[in-house]
file data21.txt (compact mmCIF, C-alpha atoms (C1' of nucleotides))
# COMPACT_ATOMS: atom_id res chain seq x y z
CA MET M 1 0.00 0.00 0.00
CA THR M 2 2.72 2.43 0.85
CA LEU M 3 4.52 1.47 -2.31
CA ILE M 4 2.72 4.36 -3.88
CA GLU M 5 4.99 6.84 -2.16
CA ALA M 6 7.40 6.25 -4.98
CA ARG M 7 5.23 8.52 -7.07
CA GLY M 8 5.80 11.61 -4.97
CA TYR M 9 3.42 13.48 -2.74
CA GLY M 10 1.98 15.78 -5.32
CA ALA M 11 0.45 12.63 -6.80
CA LEU M 12 -0.80 11.33 -3.47
CA THR M 13 -4.40 12.19 -4.08
CA MET M 14 -7.32 10.09 -2.99
CA ALA M 15 -8.33 9.60 -6.60
CA ALA M 16 -4.82 8.52 -7.61
CA LEU M 17 -4.57 6.14 -4.69
CA ALA M 18 -7.94 4.67 -5.55
CA ARG M 19 -6.86 4.20 -9.15
CA GLU M 20 -3.70 2.45 -7.97
CA LEU M 21 -5.84 0.09 -5.93
CA ARG M 22 -8.31 -0.33 -8.79
CA VAL M 23 -11.11 0.91 -6.65
CA SER M 24 -13.45 3.86 -6.61
CA PRO M 25 -12.34 6.94 -4.64
CA SER M 26 -15.29 6.75 -2.32
CA ALA M 27 -14.40 3.18 -1.41
CA LEU M 28 -11.35 4.44 0.46
CA TYR M 29 -13.59 5.94 3.09
CA ASN M 30 -14.48 2.48 4.28
CA HIS M 31 -10.91 2.09 5.57
CA VAL M 32 -10.03 5.62 6.53
CA THR M 33 -12.21 8.36 7.93
CA ALA M 34 -10.24 11.15 6.26
CA LYS M 35 -7.05 11.75 4.36
CA GLN M 36 -5.35 12.78 7.61
CA ASP M 37 -5.79 9.19 8.76
CA LEU M 38 -3.94 7.96 5.73
CA LEU M 39 -1.08 10.39 6.28
CA ARG M 40 -0.75 9.35 9.91
CA TRP M 41 -0.69 5.75 8.82
CA ILE M 42 2.17 6.51 6.44
CA GLN M 43 3.95 8.46 9.15
CA ASP M 44 3.80 5.57 11.57
CA HIS M 45 5.05 3.25 8.87
CA LEU M 46 7.93 5.65 8.19
CA ASN M 47 8.87 6.00 11.84
CA GLN M 48 9.41 2.28 11.92
CA ARG M 49 12.38 2.79 9.64
CA ILE M 50 14.10 5.34 11.87
CA ASP M 51 17.14 3.83 13.52
CA CYS M 52 16.87 3.91 17.31
CA SER M 53 19.10 0.91 17.92
CA ALA M 54 21.98 2.95 19.29
CA PHE M 55 20.05 3.84 22.43
CA ALA M 56 20.38 0.27 23.64
CA THR M 57 24.13 0.03 23.15
CA GLU M 58 25.72 3.48 23.04
CA PRO M 59 25.96 6.44 25.41
CA TRP M 60 22.92 8.68 25.13
CA ASP M 61 24.71 11.49 23.29
CA VAL M 62 26.05 9.42 20.43
CA ALA M 63 22.72 7.60 20.26
CA VAL M 64 20.86 10.90 19.93
CA GLU M 65 23.13 11.92 17.08
CA ARG M 66 22.52 8.69 15.20
CA TRP M 67 18.81 8.82 15.82
CA ALA M 68 18.62 12.42 14.68
CA ARG M 69 20.51 11.70 11.46
CA SER M 70 18.30 8.77 10.61
CA TYR M 71 15.21 10.79 11.50
CA ARG M 72 16.21 13.72 9.32
CA ASP M 73 17.22 11.57 6.38
CA THR M 74 13.89 9.79 6.48
CA TYR M 75 11.77 12.92 6.48
CA ALA M 76 13.96 14.84 4.07
CA GLN M 77 12.57 12.39 1.54
CA HIS M 78 9.05 12.88 2.81
CA ALA M 79 8.99 16.60 3.49
CA PRO M 80 5.28 17.09 2.76
CA LEU M 81 4.56 14.92 5.78
CA VAL M 82 6.52 17.11 8.18
CA PRO M 83 3.82 19.67 8.90
CA VAL M 84 1.38 16.85 9.48
CA ILE M 85 3.51 14.78 11.82
CA ALA M 86 4.63 17.77 13.88
CA VAL M 87 1.14 18.21 15.22
CA ALA M 88 -0.35 14.74 14.80
CA PRO M 89 -1.39 13.04 18.02
CA ILE M 90 0.62 9.93 18.76
CA ALA M 91 -2.26 7.84 20.02
CA GLY M 92 -2.71 4.61 18.11
CA ALA M 93 0.59 4.91 16.25
CA ALA M 94 2.38 1.84 17.56
CA HIS M 95 5.72 2.26 15.83
CA THR M 96 5.89 5.93 16.73
CA VAL M 97 5.27 5.19 20.38
CA GLU M 98 7.89 2.46 20.28
CA MET M 99 10.42 4.91 18.89
CA TYR M 100 9.77 7.39 21.67
CA GLU M 101 10.03 4.62 24.23
CA GLN M 102 13.47 3.60 23.02
CA VAL M 103 14.66 7.20 23.01
CA ALA M 104 13.23 7.90 26.46
CA ALA M 105 14.79 4.71 27.82
CA GLY M 106 18.17 5.70 26.42
CA LEU M 107 17.98 9.17 27.92
CA ARG M 108 16.98 7.89 31.33
CA GLU M 109 19.76 5.30 31.20
CA GLY M 110 22.08 8.18 30.36
CA GLY M 111 21.17 9.97 33.55
CA TRP M 112 18.49 12.40 32.39
CA PRO M 113 15.90 13.22 35.05
CA ASP M 114 12.33 12.33 34.15
CA PRO M 115 11.00 15.90 33.97
CA LEU M 116 13.55 16.81 31.28
CA ILE M 117 13.32 13.74 29.06
CA ALA M 118 10.28 14.81 27.07
CA GLU M 119 11.65 18.33 26.73
CA ALA M 120 14.92 17.05 25.36
CA ILE M 121 13.14 14.78 22.90
CA VAL M 122 10.94 17.60 21.64
CA ALA M 123 13.91 19.94 21.32
CA VAL M 124 15.88 17.47 19.21
CA GLU M 125 12.80 16.59 17.20
CA SER M 126 12.04 20.23 16.44
CA PHE M 127 15.55 20.70 15.13
CA VAL M 128 15.34 17.50 13.11
CA LEU M 129 12.04 18.36 11.47
CA GLY M 130 13.11 21.91 10.75
CA SER M 131 16.25 20.56 9.18
CA ALA M 132 14.31 18.02 7.15
CA MET M 133 12.29 20.84 5.66
CA ASP M 134 15.41 22.88 5.05
CA ALA M 135 16.96 19.94 3.26
CA THR M 136 14.31 20.20 0.57
CA SER M 137 14.93 23.85 -0.18
CA PRO M 138 16.32 24.65 -3.62
CA PRO M 139 20.05 25.41 -3.95
CA ASP M 140 19.32 29.05 -4.72
CA VAL M 141 17.26 29.89 -1.62
CA PHE M 142 19.86 32.35 -0.50
CA GLU M 143 20.43 34.03 -3.83
CA VAL M 144 19.62 37.64 -3.00
CA GLY M 145 19.59 38.95 -6.55
CA ASP M 146 19.68 42.71 -6.87
CA LEU M 147 19.39 43.14 -3.11
CA ALA M 148 23.01 42.06 -2.70
CA VAL M 149 24.06 45.68 -2.27
CA THR M 150 21.80 45.95 0.77
CA ALA M 151 23.29 42.88 2.37
CA PRO M 152 27.02 42.69 1.69
CA ILE M 153 27.94 40.68 4.77
CA PHE M 154 25.26 38.07 4.31
CA THR M 155 26.08 37.80 0.63
CA THR M 156 29.75 37.09 1.25
CA ALA M 157 28.82 34.67 4.02
CA VAL M 158 26.62 32.72 1.63
CA LYS M 159 29.38 32.68 -0.95
CA ALA M 160 31.89 31.54 1.66
CA ARG M 161 29.90 28.39 2.37
CA ARG M 162 31.79 25.29 1.46
CA GLY M 163 30.91 21.78 0.47
CA ASP M 164 28.37 20.58 -2.02
CA ASP M 165 25.69 20.03 0.61
CA PRO M 166 25.09 23.25 2.57
CA ALA M 167 21.93 21.95 4.19
CA GLY M 168 23.75 18.85 5.35
CA SER M 169 26.62 20.88 6.78
CA ALA M 170 24.22 23.17 8.61
CA PHE M 171 22.45 20.15 10.04
CA GLU M 172 25.70 18.63 11.27
CA LEU M 173 26.81 21.90 12.82
CA GLY M 174 23.49 22.31 14.58
CA LEU M 175 23.26 18.71 15.68
CA THR M 176 26.70 18.55 17.25
CA ALA M 177 26.12 21.93 18.88
CA LEU M 178 22.73 20.91 20.23
CA VAL M 179 24.03 17.65 21.65
CA GLU M 180 27.06 19.40 23.12
CA GLY M 181 24.74 21.88 24.78
CA LEU M 182 22.53 19.11 26.11
CA ARG M 183 25.60 17.40 27.52
CA ALA M 184 26.53 20.59 29.33
CA ARG M 185 23.00 20.98 30.62
CA LEU M 186 22.89 17.44 31.95
CA ARG M 187 26.16 18.08 33.76
CA THR M 188 24.83 21.14 35.56
CA VAL M 189 21.57 19.39 36.39
CA THR M 190 23.16 16.30 37.90
CA THR M 191 25.97 18.01 39.80
CA GLY M 192 23.64 20.68 41.09
CA GLU M 193 21.67 18.32 43.28
CA MET Q 1 -4.06 44.07 2.99
CA THR Q 2 -2.49 41.77 5.50
CA LEU Q 3 -5.16 42.68 7.98
CA ILE Q 4 -6.95 39.63 6.72
CA GLU Q 5 -4.60 37.32 8.57
CA ALA Q 6 -6.79 37.95 11.56
CA ARG Q 7 -9.24 35.54 10.03
CA GLY Q 8 -6.92 32.55 10.18
CA TYR Q 9 -5.21 30.67 7.40
CA GLY Q 10 -7.95 28.21 6.67
CA ALA Q 11 -9.88 31.23 5.45
CA LEU Q 12 -7.02 32.59 3.40
CA THR Q 13 -8.40 31.57 0.07
CA MET Q 14 -8.12 33.55 -3.11
CA ALA Q 15 -11.88 33.85 -3.25
CA ALA Q 16 -12.10 35.06 0.35
CA LEU Q 17 -9.34 37.56 -0.18
CA ALA Q 18 -11.04 38.83 -3.31
CA ARG Q 19 -14.30 39.19 -1.41
CA GLU Q 20 -12.49 41.14 1.30
CA LEU Q 21 -11.14 43.48 -1.33
CA ARG Q 22 -14.51 43.63 -3.09
CA VAL Q 23 -13.03 42.38 -6.26
CA SER Q 24 -13.39 39.32 -8.45
CA PRO Q 25 -11.06 36.39 -7.71
CA SER Q 26 -9.50 36.52 -11.14
CA ALA Q 27 -8.59 40.17 -10.63
CA LEU Q 28 -6.00 39.12 -8.05
CA TYR Q 29 -3.89 37.61 -10.77
CA ASN Q 30 -3.11 41.06 -12.05
CA HIS Q 31 -1.06 41.68 -8.92
CA VAL Q 32 0.24 38.23 -8.14
CA THR Q 33 1.24 35.42 -10.50
CA ALA Q 34 0.19 32.69 -8.07
CA LYS Q 35 -0.87 32.17 -4.49
CA GLN Q 36 2.72 31.33 -3.58
CA ASP Q 37 3.58 34.94 -4.40
CA LEU Q 38 1.02 36.15 -1.94
CA LEU Q 39 2.35 33.89 0.80
CA ARG Q 40 5.89 35.07 0.23
CA TRP Q 41 4.68 38.62 0.39
CA ILE Q 42 3.08 37.90 3.77
CA GLN Q 43 6.22 36.14 4.91
CA ASP Q 44 8.40 39.11 4.09
CA HIS Q 45 5.97 41.38 5.85
CA LEU Q 46 6.12 39.10 8.90
CA ASN Q 47 9.90 38.94 8.95
CA GLN Q 48 9.93 42.69 9.33
CA ARG Q 49 8.45 42.21 12.76
CA ILE Q 50 11.15 39.84 13.99
CA ASP Q 51 13.41 41.56 16.48
CA CYS Q 52 17.03 41.61 15.31
CA SER Q 53 18.01 44.72 17.20
CA ALA Q 54 20.13 42.87 19.73
CA PHE Q 55 22.75 42.01 17.12
CA ALA Q 56 23.82 45.64 17.04
CA THR Q 57 24.25 46.01 20.76
CA GLU Q 58 24.69 42.65 22.47
CA PRO Q 59 27.19 39.79 22.25
CA TRP Q 60 26.28 37.40 19.44
CA ASP Q 61 25.08 34.62 21.72
CA VAL Q 62 22.52 36.64 23.64
CA ALA Q 63 21.47 38.30 20.38
CA VAL Q 64 20.87 34.91 18.78
CA GLU Q 65 18.69 33.89 21.70
CA ARG Q 66 16.57 37.01 21.46
CA TRP Q 67 16.28 36.74 17.71
CA ALA Q 68 15.30 33.08 17.94
CA ARG Q 69 12.61 33.78 20.53
CA SER Q 70 11.11 36.57 18.50
CA TYR Q 71 11.32 34.45 15.35
CA ARG Q 72 9.58 31.49 16.94
CA ASP Q 73 6.88 33.58 18.57
CA THR Q 74 6.09 35.20 15.25
CA TYR Q 75 5.71 31.98 13.31
CA ALA Q 76 4.00 30.07 16.07
CA GLN Q 77 1.09 32.36 15.27
CA HIS Q 78 1.49 31.75 11.56
CA ALA Q 79 2.31 28.07 11.48
CA PRO Q 80 0.75 27.38 8.07
CA LEU Q 81 3.40 29.62 6.55
CA VAL Q 82 6.29 27.63 7.96
CA PRO Q 83 6.46 24.94 5.27
CA VAL Q 84 6.31 27.67 2.66
CA ILE Q 85 9.00 29.92 4.07
CA ALA Q 86 11.39 27.08 4.77
CA VAL Q 87 11.88 26.50 1.07
CA ALA Q 88 10.97 29.89 -0.39
CA PRO Q 89 13.76 31.66 -2.24
CA ILE Q 90 14.79 34.89 -0.58
CA ALA Q 91 15.23 36.89 -3.78
CA GLY Q 92 13.12 40.01 -3.82
CA ALA Q 93 12.13 39.82 -0.17
CA ALA Q 94 13.69 43.00 1.13
CA HIS Q 95 12.83 42.67 4.80
CA THR Q 96 13.92 39.06 4.88
CA VAL Q 97 17.27 39.90 3.36
CA GLU Q 98 17.68 42.73 5.82
CA MET Q 99 17.05 40.36 8.71
CA TYR Q 100 19.70 37.96 7.49
CA GLU Q 101 22.12 40.83 7.01
CA GLN Q 102 21.72 41.95 10.60
CA VAL Q 103 22.19 38.43 11.90
CA ALA Q 104 25.21 37.78 9.68
CA ALA Q 105 26.77 41.08 10.76
CA GLY Q 106 26.26 40.21 14.41
CA LEU Q 107 27.83 36.78 14.00
CA ARG Q 108 30.84 38.14 12.15
CA GLU Q 109 31.26 40.83 14.78
CA GLY Q 110 31.14 38.05 17.34
CA GLY Q 111 34.09 36.34 15.74
CA TRP Q 112 32.44 33.76 13.53
CA PRO Q 113 34.42 32.92 10.39
CA ASP Q 114 32.65 33.60 7.10
CA PRO Q 115 32.32 29.96 6.00
CA LEU Q 116 30.37 29.08 9.14
CA ILE Q 117 28.03 32.05 9.35
CA ALA Q 118 25.41 30.78 6.94
CA GLU Q 119 25.58 27.31 8.47
CA ALA Q 120 24.97 28.70 11.94
CA ILE Q 121 22.05 30.79 10.72
CA VAL Q 122 20.44 27.83 9.00
CA ALA Q 123 20.96 25.63 12.03
CA VAL Q 124 19.27 28.08 14.36
CA GLU Q 125 16.53 28.76 11.84
CA SER Q 126 15.78 25.07 11.42
CA PHE Q 127 15.38 24.71 15.15
CA VAL Q 128 13.23 27.82 15.32
CA LEU Q 129 10.87 26.75 12.56
CA GLY Q 130 10.62 23.22 13.88
CA SER Q 131 9.77 24.66 17.27
CA ALA Q 132 7.22 27.04 15.79
CA MET Q 133 5.42 24.07 14.30
CA ASP Q 134 5.68 22.15 17.54
CA ALA Q 135 4.17 25.10 19.37
CA THR Q 136 0.94 24.60 17.46
CA SER Q 137 0.53 20.95 18.38
CA PRO Q 138 -2.42 20.12 20.60
CA PRO Q 139 -1.82 19.51 24.33
CA ASP Q 140 -2.59 15.82 23.93
CA VAL Q 141 -0.03 14.99 21.21
CA PHE Q 142 1.80 12.69 23.54
CA GLU Q 143 -1.21 10.91 24.98
CA VAL Q 144 -0.44 7.31 24.13
CA GLY Q 145 -3.82 5.86 25.02
CA ASP Q 146 -3.93 2.12 25.30
CA LEU Q 147 -0.34 1.83 24.13
CA ALA Q 148 0.87 3.08 27.50
CA VAL Q 149 1.71 -0.46 28.56
CA THR Q 150 4.12 -0.73 25.63
CA ALA Q 151 5.89 2.47 26.56
CA PRO Q 152 6.14 2.79 30.35
CA ILE Q 153 9.26 4.95 30.42
CA PHE Q 154 8.03 7.42 27.82
CA THR Q 155 4.64 7.59 29.52
CA THR Q 156 6.12 8.50 32.89
CA ALA Q 157 8.46 10.98 31.22
CA VAL Q 158 5.52 12.73 29.59
CA LYS Q 159 3.67 12.81 32.90
CA ALA Q 160 6.76 14.14 34.66
CA ARG Q 161 6.83 17.22 32.43
CA ARG Q 162 6.30 20.37 34.39
CA GLY Q 163 4.93 23.78 33.65
CA ASP Q 164 1.86 24.77 31.74
CA ASP Q 165 3.72 25.31 28.49
CA PRO Q 166 5.61 22.14 27.54
CA ALA Q 167 6.36 23.36 24.03
CA GLY Q 168 7.79 26.58 25.40
CA SER Q 169 9.96 24.74 27.92
CA ALA Q 170 11.27 22.42 25.23
CA PHE Q 171 12.08 25.40 23.05
CA GLU Q 172 13.98 27.10 25.85
CA LEU Q 173 15.91 23.95 26.68
CA GLY Q 174 16.84 23.45 23.03
CA LEU Q 175 17.69 27.08 22.42
CA THR Q 176 20.03 27.44 25.37
CA ALA Q 177 21.62 24.09 24.53
CA LEU Q 178 22.07 25.01 20.89
CA VAL Q 179 23.61 28.39 21.68
CA GLU Q 180 25.84 26.84 24.33
CA GLY Q 181 27.00 24.30 21.76
CA LEU Q 182 27.64 27.02 19.20
CA ARG Q 183 29.67 28.93 21.78
CA ALA Q 184 31.79 25.85 22.35
CA ARG Q 185 32.20 25.34 18.66
CA LEU Q 186 33.30 28.91 18.07
CA ARG Q 187 35.88 28.49 20.82
CA THR Q 188 37.46 25.46 19.21
CA VAL Q 189 37.37 27.07 15.78
CA THR Q 190 39.10 30.26 16.85
CA THR Q 191 41.69 28.75 19.17
CA GLY Q 192 42.46 26.00 16.69
CA GLU Q 193 43.98 28.32 14.15
C1' DA R 1 -18.59 -5.52 5.33
C1' DC R 2 -17.36 -3.44 1.36
C1' DC R 3 -18.17 -1.46 -3.05
C1' DT R 4 -20.10 1.95 -6.98
C1' DG R 5 -21.73 6.21 -9.11
C1' DA R 6 -23.36 10.44 -8.84
C1' DA R 7 -23.24 14.51 -6.61
C1' DC R 8 -21.57 18.47 -3.52
C1' DA R 9 -18.95 22.24 -2.15
C1' DC R 10 -15.08 23.77 -2.79
C1' DC R 11 -10.00 24.84 -4.65
C1' DG R 12 -6.43 27.76 -7.73
C1' DT R 13 -6.07 29.39 -12.27
C1' DT R 14 -6.96 30.84 -17.27
C1' DC R 15 -8.77 33.61 -20.68
C1' DA R 16 -11.68 36.19 -23.70
C1' DA R 17 -14.05 40.28 -23.23
C1' DG R 18 -14.76 44.65 -21.50
C1' DT R 19 -13.34 49.84 -19.55
C1' DA N 1 -3.46 48.87 -16.60
C1' DC N 2 -6.90 46.70 -14.38
C1' DC N 3 -11.30 44.52 -14.06
C1' DT N 4 -15.37 40.86 -14.90
C1' DG N 5 -17.64 36.45 -15.87
C1' DA N 6 -17.54 32.15 -17.35
C1' DA N 7 -15.13 28.18 -17.58
C1' DC N 8 -11.54 24.44 -16.50
C1' DA N 9 -9.42 20.84 -14.13
C1' DC N 10 -9.09 19.51 -10.18
C1' DC N 11 -9.67 18.60 -4.76
C1' DG N 12 -11.69 15.76 -0.43
C1' DT N 13 -15.92 13.97 1.04
C1' DT N 14 -20.91 12.28 1.37
C1' DC N 15 -24.50 9.30 0.51
C1' DA N 16 -28.02 6.48 -1.52
C1' DA N 17 -27.89 2.30 -3.80
C1' DG N 18 -26.17 -2.04 -4.73
C1' DT N 19 -23.68 -7.08 -3.59

call {"tool": "encode", "arguments": {"input": "data21.txt", "output": "structure tokens"}}
result
Amino acid sequence: MTLIEARGYGALTMAALARELRVSPSALYNHVTAKQDLLRWIQDHLNQRIDCSAFATEPWDVAVERWARSYRDTYAQHAPLVPVIAVAPIAGAAHTVEMYEQVAAGLREGGWPDPLIAEAIVAVESFVLGSAMDATSPPDVFEVGDLAVTAPIFTTAVKARRGDDPAGSAFELGLTALVEGLRARLRTVTTGE
Amino acid sequence: MTLIEARGYGALTMAALARELRVSPSALYNHVTAKQDLLRWIQDHLNQRIDCSAFATEPWDVAVERWARSYRDTYAQHAPLVPVIAVAPIAGAAHTVEMYEQVAAGLREGGWPDPLIAEAIVAVESFVLGSAMDATSPPDVFEVGDLAVTAPIFTTAVKARRGDDPAGSAFELGLTALVEGLRARLRTVTTGE
DNA sequence: ACCTGAACACCGTTCAAGT
DNA sequence: ACCTGAACACCGTTCAAGT
């Protein structure tokens, strides 16, 4: 059923899906109450593919980095889902819940106090989803055109970027910084009490 | 013209806008080539309201925090724009370019090397936009329902959250961590050479 | 329980025709 | 230069009717 994602999200219309299944569009509503249901189903299926295995074997900080990379890579290829998943309730999504459980277990094992675990997860997730969206932006997003004269510093900064994957570099910079900052925070929290 | 945002984004339809302006829907296409144009126009207008003033007076790290807070607050109220702005080219958006210029100037002043400035901006921006989307999620996003038995650790972590604004707390945790991590990174970059 | 076919109430957009 | 009105090609969804 999810094999249809190969066609891209612009083509993910109820009519197209129905055609793929050789069924009438209205028939879909016997299995799904609305299109949102379908998207959440796909999301849960996708979350199953995110690699959380490191939380069982590695220190929490390296596990978070691996999880975040896998998470971003997955949704960079499914960017249209990002706005949906960011606000979609988790209830009933078994694989999604399982993912969070593994992450939460890893953080607790790593010494994070219960009240901060969900906050840390949400913080990393926000960065990941924002980065997944950024990953889909065209290479010329930062081309200022004739406004270059207004913004000389920004223009040279954009030109000074290196590597053939600016979005990827920005993600790596942010991820390592975020994890480093979380490490520092955990230190102050645990030594403080 | 943008006074219509008060009506919410579900109501931001070309027909509704035309009605508001007492004009036929097709007349709008004399001023805008597509709806995307309109959204980018709104985005640029919104970016004007983001507070970048701290970059001129404060150290880069406290300026980034203030900018990020203002940025998130703005788009938390305009969440439907987030997926658009994340991939929208900047060309022709004067206020947006000006914002980036101020941020870039502040970072350079703070000692950041040119090749890393754009990366740092994108990293912070990704976190901000991800957080803006998260801010609009319903309070029960993490209610696991009958799957609680599968995810005991995550369930208790969610219950252990404190404060009446979980999304806001997560944003603050992530923001301070991210900035702390960037500070550390800048240190290693500048002392390394 | 699951399907079909027709219909509904919308979308954004185009285009000839007017002034 | 800017507008109107009609039309187009879609959307997601509903609902009576069938099996």

call {"tool": "atom_distance", "arguments": {"input": "data21.txt", "atom1": "CA of Arg7 (chain Q)", "atom2": "CA of Leu28 (chain Q)"}}
result
18.7 Å

call {"tool": "interface_residues", "arguments": {"input": "data21.txt", "of": "chain M", "to": "chain N", "cutoff": "9 Å", "atoms": "all atoms listed in the file", "output": "number ranges by chain"}}
result
M: 13-14, 26, 29, 34-35

call {"tool": "write_last_selection", "arguments": {"input": "data21.txt", "atoms": "C-alpha atoms", "output": "PDB file, keeping the file's coordinate frame"}}
result
ATOM      1  CA  THR M  13      -4.400  12.190  -4.080  1.00  0.00           C
ATOM      2  CA  MET M  14      -7.320  10.090  -2.990  1.00  0.00           C
ATOM      3  CA  SER M  26     -15.290   6.750  -2.320  1.00  0.00           C
ATOM      4  CA  TYR M  29     -13.590   5.940   3.090  1.00  0.00           C
ATOM      5  CA  ALA M  34     -10.240  11.150   6.260  1.00  0.00           C
ATOM      6  CA  LYS M  35      -7.050  11.750   4.360  1.00  0.00           C
TER       7      LYS M  35
END

call {"tool": "atom_distance", "arguments": {"input": "data21.txt", "atom1": "CA of Arg19 (chain M)", "atom2": "CA of Pro83 (chain M)"}}
result
26.1 Å

call {"tool": "residues_around", "arguments": {"input": "data21.txt", "residues": "Asn47 (chain Q)", "least_positions_apart": "2", "cutoff": "8 Å", "atoms": "all atoms listed in the file", "output": "list of chain:residue names"}}
result
Q:Gln43, Q:Asp44, Q:His45, Q:Arg49, Q:Ile50, Q:Tyr71, Q:His95, Q:Thr96, Q:Met99

call {"tool": "write_last_selection", "arguments": {"input": "data21.txt", "atoms": "C-alpha atoms", "output": "PDB file, keeping the file's coordinate frame"}}
result
ATOM      1  CA  GLN Q  43       6.220  36.140   4.910  1.00  0.00           C
ATOM      2  CA  ASP Q  44       8.400  39.110   4.090  1.00  0.00           C
ATOM      3  CA  HIS Q  45       5.970  41.380   5.850  1.00  0.00           C
ATOM      4  CA  ARG Q  49       8.450  42.210  12.760  1.00  0.00           C
ATOM      5  CA  ILE Q  50      11.150  39.840  13.990  1.00  0.00           C
ATOM      6  CA  TYR Q  71      11.320  34.450  15.350  1.00  0.00           C
ATOM      7  CA  HIS Q  95      12.830  42.670   4.800  1.00  0.00           C
ATOM      8  CA  THR Q  96      13.920  39.060   4.880  1.00  0.00           C
ATOM      9  CA  MET Q  99      17.050  40.360   8.710  1.00  0.00           C
TER      10      MET Q  99
END

call {"tool": "residues_around", "arguments": {"input": "data21.txt", "residues": "region 136-149 of chain Q", "least_positions_apart": "4", "cutoff": "6 Å", "atoms": "all atoms listed in the file", "output": "compact mmCIF listing (two decimals) with C-alpha atoms, in the frame of the given file"}}
result
# COMPACT_ATOMS: atom_id res chain seq x y z
CA VAL M 87 1.14 18.21 15.22
CA PRO M 89 -1.39 13.04 18.02
CA ILE M 90 0.62 9.93 18.76
CA ALA M 91 -2.26 7.84 20.02

call {"tool": "closest_residue", "arguments": {"input": "data21.txt", "among": "M:Ala123, M:Cys52, M:Ala135, M:Leu21", "to": "chain Q", "atoms": "only C-alpha atoms"}}
result
M:Ala123

call {"tool": "closest_residue", "arguments": {"input": "data21.txt", "among": "M:Pro59, M:Pro80, M:Gly181, M:Gly10", "to": "chain Q", "atoms": "all atoms listed in the file"}}
result
M:Gly181

call {"tool": "atom_distance", "arguments": {"input": "data21.txt", "atom1": "CA of Leu107 (chain Q)", "atom2": "CA of Glu65 (chain Q)"}}
result
12.3 Å

call {"tool": "residues_around", "arguments": {"input": "data21.txt", "residues": "Ala167 (chain Q)", "least_positions_apart": "6", "cutoff": "8 Å", "atoms": "all atoms listed in the file", "output": "PyMOL selection string"}}
result
(chain M and resi 119+122) or (chain Q and resi 131+134-135)

call {"tool": "residues_around", "arguments": {"input": "data21.txt", "residues": "Val189 (chain Q)", "least_positions_apart": "6", "cutoff": "10 Å", "atoms": "only C-alpha atoms (C1' of nucleotides)", "output": "ChimeraX atom specification"}}
result
/Q:111-113,116,183

call {"tool": "write_last_selection", "arguments": {"input": "data21.txt", "atoms": "C-alpha atoms", "output": "short mmCIF file (atom, residue, chain, number, x, y, z; two decimals), keeping the file's coordinate frame"}}
result
data_model
loop_
_atom_site.label_atom_id
_atom_site.label_comp_id
_atom_site.auth_asym_id
_atom_site.auth_seq_id
_atom_site.Cartn_x
_atom_site.Cartn_y
_atom_site.Cartn_z
CA GLY Q 111 34.09 36.34 15.74
CA TRP Q 112 32.44 33.76 13.53
CA PRO Q 113 34.42 32.92 10.39
CA LEU Q 116 30.37 29.08 9.14
CA ARG Q 183 29.67 28.93 21.78
#

call {"tool": "closest_residue", "arguments": {"input": "data21.txt", "among": "M:Ala68, M:Leu186, M:Ala104, M:Ala11", "to": "chain Q", "atoms": "all atoms listed in the file"}}
result
M:Ala104

call {"tool": "closest_residue", "arguments": {"input": "data21.txt", "among": "M:Thr155, M:Gln102, M:Thr176, M:Ser126", "to": "chain Q", "atoms": "all atoms listed in the file"}}
result
M:Ser126

call {"tool": "closest_residue", "arguments": {"input": "data21.txt", "among": "M:Glu172, M:Glu109, M:Glu101, M:Asp164", "to": "chain Q", "atoms": "all atoms listed in the file"}}
result
M:Glu101

call {"tool": "closest_residue", "arguments": {"input": "data21.txt", "among": "M:Arg187, M:Gly168, M:Ile121, M:Arg161", "to": "chain Q", "atoms": "only C-alpha atoms"}}
result
M:Arg161

call {"tool": "residues_around", "arguments": {"input": "data21.txt", "residues": "Arg162 (chain M)", "least_positions_apart": "3", "cutoff": "10 Å", "atoms": "only C-alpha atoms (C1' of nucleotides)", "output": "number ranges by chain"}}
result
M: 158-159, 165-166, 169; Q: 115-116, 119
